[in-house]
>>> print(open('entry_14.cif').read())   # mmCIF, C-alpha atoms and all ligand atoms
data_final
#
loop_
_atom_site.label_atom_id
_atom_site.label_comp_id
_atom_site.auth_asym_id
_atom_site.auth_seq_id
_atom_site.Cartn_x
_atom_site.Cartn_y
_atom_site.Cartn_z
CA MET X 1 76.02 111.51 88.69
CA GLU X 2 76.92 110.77 85.10
CA ALA X 3 76.20 107.17 84.05
CA LEU X 4 79.38 105.11 84.35
CA GLN X 5 79.20 103.81 80.79
CA ASP X 6 79.07 107.41 79.44
CA LEU X 7 82.25 108.48 81.14
CA ASP X 8 85.53 108.85 79.32
CA VAL X 9 88.15 107.93 81.91
CA SER X 10 90.96 107.29 79.42
CA ARG X 11 92.89 110.43 80.47
CA HIS X 12 92.78 109.36 84.12
CA LEU X 13 93.75 105.81 83.22
CA GLU X 14 96.76 107.02 81.26
CA THR X 15 97.99 108.81 84.38
CA LEU X 16 97.34 105.72 86.50
CA TYR X 17 99.30 103.48 84.15
CA GLN X 18 102.27 105.86 84.39
CA ILE X 19 102.09 105.61 88.19
CA TYR X 20 101.95 101.81 87.87
CA GLU X 21 105.14 101.90 85.77
CA ASP X 22 106.88 103.87 88.53
CA ILE X 23 105.66 101.38 91.14
CA ASP X 24 106.89 98.44 89.06
CA ARG X 25 110.33 100.05 88.70
CA GLU X 26 110.57 100.61 92.44
CA TYR X 27 109.33 97.09 93.21
CA GLN X 28 111.76 95.55 90.72
CA SER X 29 114.65 97.41 92.26
CA ALA X 30 113.71 96.20 95.77
CA ALA X 31 113.16 92.64 94.47
CA GLU X 32 116.67 92.68 92.99
CA PHE X 33 118.05 93.92 96.29
CA TYR X 34 116.48 90.98 98.14
CA GLN X 35 116.89 88.59 95.19
CA PHE X 36 113.22 87.90 95.69
CA SER X 37 110.85 86.38 93.15
CA CYS X 38 107.24 85.15 93.16
CA GLU X 39 108.14 82.24 90.91
CA GLY X 40 106.87 78.90 92.18
CA CYS X 41 105.24 80.47 95.24
CA GLU X 42 102.69 78.22 96.91
CA GLU X 43 101.37 80.97 99.19
CA ASN X 44 99.96 82.71 96.13
CA CYS X 45 98.74 86.14 97.28
CA CYS X 46 96.08 85.96 94.54
CA SER X 47 94.23 83.66 96.95
CA THR X 48 94.11 86.31 99.69
CA VAL X 49 90.96 88.42 99.87
CA PHE X 50 91.79 92.06 99.19
CA TYR X 51 89.33 94.91 99.03
CA HIS X 52 90.20 97.76 96.70
CA HIS X 53 89.06 101.26 97.52
CA THR X 54 89.56 103.45 94.49
CA LEU X 55 87.30 103.99 91.52
CA ILE X 56 90.26 104.69 89.29
CA GLU X 57 91.67 101.21 89.92
CA TYR X 58 88.21 99.77 89.38
CA PHE X 59 88.17 101.30 85.91
CA ALA X 60 91.66 99.94 85.26
CA VAL X 61 90.53 96.41 86.16
CA LEU X 62 87.53 96.74 83.85
CA ASP X 63 89.80 98.15 81.14
CA GLY X 64 91.97 95.03 81.41
CA PHE X 65 88.96 92.74 81.60
CA ASP X 66 87.46 94.25 78.44
CA GLU X 67 90.60 93.32 76.49
CA LEU X 68 90.25 89.60 77.28
CA PRO X 69 88.90 87.08 74.77
CA GLU X 70 85.18 86.36 75.22
CA ASP X 71 85.65 82.78 76.46
CA ILE X 72 88.09 83.90 79.18
CA LYS X 73 85.74 86.71 80.21
CA GLN X 74 82.88 84.24 80.55
CA GLU X 75 84.99 81.82 82.59
CA ALA X 76 86.21 84.66 84.82
CA LEU X 77 82.64 85.85 85.35
CA ASP X 78 81.53 82.34 86.32
CA LYS X 79 84.44 82.13 88.77
CA ALA X 80 83.60 85.62 90.09
CA ARG X 81 80.04 84.58 90.92
CA ASP X 82 81.28 81.50 92.80
CA TYR X 83 83.85 83.68 94.56
CA ILE X 84 81.22 86.16 95.72
CA LYS X 85 78.95 83.36 97.01
CA GLU X 86 81.85 82.02 99.05
CA LEU X 87 82.98 85.46 100.19
CA ASN X 88 79.48 86.22 101.48
CA LYS X 89 79.94 83.42 104.04
CA TYR X 90 83.10 85.11 105.33
CA ARG X 91 82.16 88.79 105.51
CA GLY X 92 83.91 90.29 108.52
CA LYS X 93 86.38 87.38 108.76
CA GLU X 94 87.82 87.49 105.24
CA GLU X 95 91.31 86.61 106.47
CA GLN X 96 90.03 83.04 107.05
CA LEU X 97 89.09 82.60 103.40
CA LYS X 98 91.59 81.26 100.88
CA ILE X 99 90.15 81.54 97.41
CA PHE X 100 91.71 82.36 94.08
CA CYS X 101 90.94 85.64 92.40
CA PRO X 102 88.77 84.88 89.35
CA LEU X 103 91.35 86.53 87.12
CA ASN X 104 94.07 84.11 88.17
CA PHE X 105 94.28 81.36 85.58
CA ASP X 106 96.83 78.62 86.24
CA GLY X 107 98.83 80.90 88.52
CA LEU X 108 98.91 83.80 86.08
CA CYS X 109 97.07 87.09 86.26
CA LYS X 110 94.92 87.63 83.19
CA ILE X 111 95.00 91.41 83.61
CA TYR X 112 98.65 91.65 84.59
CA LYS X 113 99.24 95.11 83.06
CA HIS X 114 96.06 96.44 84.68
CA ARG X 115 96.29 94.80 88.10
CA PRO X 116 95.77 97.09 91.09
CA LEU X 117 98.47 98.62 93.25
CA ILE X 118 98.19 96.09 96.07
CA CYS X 119 98.74 93.20 93.62
CA ARG X 120 101.94 94.95 92.48
CA ILE X 121 103.45 95.90 95.79
CA HIS X 122 102.18 93.48 98.42
CA GLY X 123 105.15 91.10 98.30
CA LEU X 124 107.90 93.31 99.69
CA PRO X 125 108.15 95.33 102.91
CA GLY X 126 107.46 99.03 102.88
CA TYR X 127 105.91 101.95 104.62
CA PHE X 128 103.49 104.80 104.11
CA LYS X 129 103.76 108.19 105.80
CA HIS X 130 100.11 108.93 106.54
CA PRO X 131 99.44 112.68 106.78
CA THR X 132 97.66 112.35 110.14
CA LYS X 133 98.16 108.79 111.43
CA GLY X 134 101.95 108.68 111.18
CA ILE X 135 103.99 105.90 109.62
CA GLN X 136 102.25 102.66 108.61
CA GLN X 137 104.50 99.64 108.07
CA PHE X 138 103.93 96.71 105.70
CA SER X 139 105.77 93.49 106.33
CA GLY X 140 105.73 91.91 102.85
CA CYS X 141 104.01 88.68 101.87
CA LYS X 142 104.21 85.36 103.73
CA ARG X 143 106.83 84.05 101.34
CA PHE X 144 109.04 87.08 101.90
CA GLU X 145 108.65 86.72 105.66
CA LYS X 146 109.72 83.09 105.47
CA LEU X 147 112.65 83.69 103.16
CA LYS X 148 113.91 86.97 104.55
CA ASN X 149 112.81 87.11 108.15
CA GLN X 150 116.05 88.83 109.21
CA SER X 151 116.40 91.50 106.62
CA ARG X 152 114.37 94.71 106.29
CA GLU X 153 117.04 96.97 104.85
CA ARG X 154 115.27 98.07 101.71
CA LEU X 155 111.77 99.33 102.46
CA ILE X 156 109.58 100.52 99.64
CA ASP X 157 108.25 103.98 100.38
CA ARG X 158 104.64 103.79 99.22
CA THR X 159 103.90 107.41 100.17
CA MET X 160 104.41 109.00 96.76
CA PHE X 161 102.43 106.28 94.96
CA TYR X 162 99.51 106.42 97.39
CA THR X 163 99.50 110.21 97.23
CA LYS X 164 99.50 110.29 93.42
CA ILE X 165 96.71 107.72 93.21
CA ALA X 166 94.71 109.57 95.87
CA THR X 167 95.08 112.83 93.90
CA LEU X 168 93.98 111.09 90.72
CA GLU X 169 91.06 109.51 92.55
CA SER X 170 89.94 112.93 93.83
CA GLN X 171 90.06 114.37 90.31
CA LEU X 172 88.05 111.46 88.93
CA ARG X 173 85.47 111.65 91.70
CA ARG X 174 85.12 115.40 91.16
CA ASP X 175 84.62 114.87 87.43
CA MET X 176 82.01 112.20 88.17
CA ASN X 177 80.45 113.97 91.12
CA TYR X 178 80.88 110.66 92.98
CA VAL X 179 80.97 110.76 96.76
CA ILE X 180 80.08 107.19 97.80
CA ARG X 181 82.63 105.02 99.57
CA PHE X 182 84.12 102.35 97.31
CA GLN X 183 85.09 98.87 98.48
CA LYS X 184 85.17 95.85 96.19
CA THR X 185 87.13 92.71 95.54
CA ILE X 186 88.26 91.98 91.99
CA ALA X 187 85.43 89.42 91.74
CA GLU X 188 82.86 92.06 92.64
CA MET X 189 84.39 94.49 90.17
CA ILE X 190 84.21 92.21 87.17
CA ASN X 191 80.79 90.94 88.19
CA ASP X 192 79.66 94.56 87.73
CA ARG X 193 80.70 94.36 84.08
CA ILE X 194 77.41 92.76 83.15
CA LEU X 195 75.63 95.81 84.59
CA LEU X 196 77.69 98.56 82.94
S1 LIG F 201 94.09 90.94 89.79
FE1 LIG F 201 95.68 89.57 89.09
S2 LIG F 201 97.42 89.86 90.51
FE2 LIG F 201 95.57 90.73 91.48
S3 LIG F 201 94.74 89.06 92.75
FE3 LIG F 201 93.70 88.94 90.73
S4 LIG F 201 94.94 87.48 89.53
FE4 LIG F 201 96.18 88.13 91.29
#
>>> encode(input="entry_14.cif", output="structure tokens")
Amino acid sequence: MEALQDLDVSRHLETLYQIYEDIDREYQSAAEFYQFSCEGCEENCCSTVFYHHTLIEYFAVLDGFDELPEDIKQEALDKARDYIKELNKYRGKEEQLKIFCPLNFDGLCKIYKHRPLICRIHGLPGYFKHPTKGIQQFSGCKRFEKLKNQSRERLIDRTMFYTKIATLESQLRRDMNYVIRFQKTIAEMINDRILL
């Protein structure tokens, strides 16, 4: 496998950022339909533990992280180490852990343009047509459930986005000759930055 720091993934990232723009458009349209906004939310989904499973999104997070000022990077890395220590106590029962993502500063995402798919789309209900497992439904975030527990008229179809990202991921993995399963939180991703 080629060393990660020697890889030029900019072409793949460009494609990913176009997919992200499409997702944002679709999300915005659904948010307008429901008149839904994250503003002032106390259930902040940035304090939910999410694992991310694609290398391409890992590189996007690192791309965003690299653009941050040095002092913010250092603070985020310190927070990431504390996060991982805490997470290690909750492996296998992550849903019980409420802890802020180390890239959330005062309620704002420091890598907003580079944030992964799940951070973009989690809030509103949707579905994914899995090629073998059938339809998977997503209910939206806790705030949406509280505010809109009657209405599910505008579901975001995640199928095209997942498929495009999966295709991109396959291309990237082929180019890298990378076959290992990937599963990391944002904290674990940025903590890797000191190694790469
Ligand atoms: S990457 Fe950004 S949006 Fe995603 S959990 Fe972290 S702070 Fe929140």
>>> residues_near_ligand(input="entry_14.cif", ligand="ligand LIG 201 (chain F)", cutoff="9 Å", atoms="all atoms listed in the file", output="number ranges by chain")
X: 44-50, 61, 100-105, 107-120, 185-187
>>> closest_atom_pairs(input="entry_14.cif", of="range 33-126 of chain X", to="range 166-180 of chain X", cutoff="10 Å", atoms="only C-alpha atoms", output="JSON lines")
{"residue": "X:His53", "atom": "CA", "partner": "X:Glu169", "partner_atom": "CA", "distance": 9.8}
{"residue": "X:Thr54", "atom": "CA", "partner": "X:Glu169", "partner_atom": "CA", "distance": 6.5}
{"residue": "X:Leu55", "atom": "CA", "partner": "X:Glu169", "partner_atom": "CA", "distance": 6.8}
{"residue": "X:Ile56", "atom": "CA", "partner": "X:Glu169", "partner_atom": "CA", "distance": 5.9}
{"residue": "X:Glu57", "atom": "CA", "partner": "X:Glu169", "partner_atom": "CA", "distance": 8.7}
>>> write_last_selection(input="entry_14.cif", atoms="C-alpha atoms", output="PDB file, in the frame of the given file")
ATOM      1  CA  HIS X  53      89.060 101.260  97.520  1.00  0.00           C
ATOM      2  CA  THR X  54      89.560 103.450  94.490  1.00  0.00           C
ATOM      3  CA  LEU X  55      87.300 103.990  91.520  1.00  0.00           C
ATOM      4  CA  ILE X  56      90.260 104.690  89.290  1.00  0.00           C
ATOM      5  CA  GLU X  57      91.670 101.210  89.920  1.00  0.00           C
TER       6      GLU X  57
END
>>> closest_residue(input="entry_14.cif", among="X:Arg154, X:Arg81, X:Lys93, X:His12", to="Met189 in chain X", atoms="all atoms listed in the file")
X:Arg81
>>> closest_residue(input="entry_14.cif", among="X:Phe59, X:Glu145, X:Phe128, X:Gly40", to="Arg11 in chain X", atoms="all atoms listed in the file")
X:Phe59
>>> closest_residue(input="entry_14.cif", among="X:Ala76, X:Leu155, X:Ile190, X:Ala30", to="Tyr127 in chain X", atoms="all atoms listed in the file")
X:Leu155
>>> residues_around(input="entry_14.cif", residues="Ile121 in chain X", least_positions_apart="2", cutoff="9 Å", atoms="all atoms listed in the file", output="PyMOL selection string")
chain X and resi 23-24+27+117-119+123-126+140+156+158
>>> closest_residue(input="entry_14.cif", among="X:Gln28, X:Ser10, X:Ser37, X:Gln18", to="Leu147 in chain X", atoms="all atoms listed in the file")
X:Ser37
>>> atom_distance(input="entry_14.cif", atom1="CA of Ala60 in chain X", atom2="CA of Val9 in chain X")
9.3 Å
>>> atom_distance(input="entry_14.cif", atom1="CA of Lys184 in chain X", atom2="CA of Gly92 in chain X")
13.6 Å
>>> atom_distance(input="entry_14.cif", atom1="CA of Arg152 in chain X", atom2="CA of Lys133 in chain X")
22.1 Å
>>> residues_around(input="entry_14.cif", residues="Ile19 in chain X", least_positions_apart="4", cutoff="8 Å", atoms="all atoms listed in the file", output="list of chain:residue names")
X:Thr15, X:Ile23, X:Phe161, X:Lys164, X:Ile165
>>> closest_residue(input="entry_14.cif", among="X:His52, X:Tyr58, X:Asn191, X:Glu67", to="Leu13 in chain X", atoms="all atoms listed in the file")
X:Tyr58
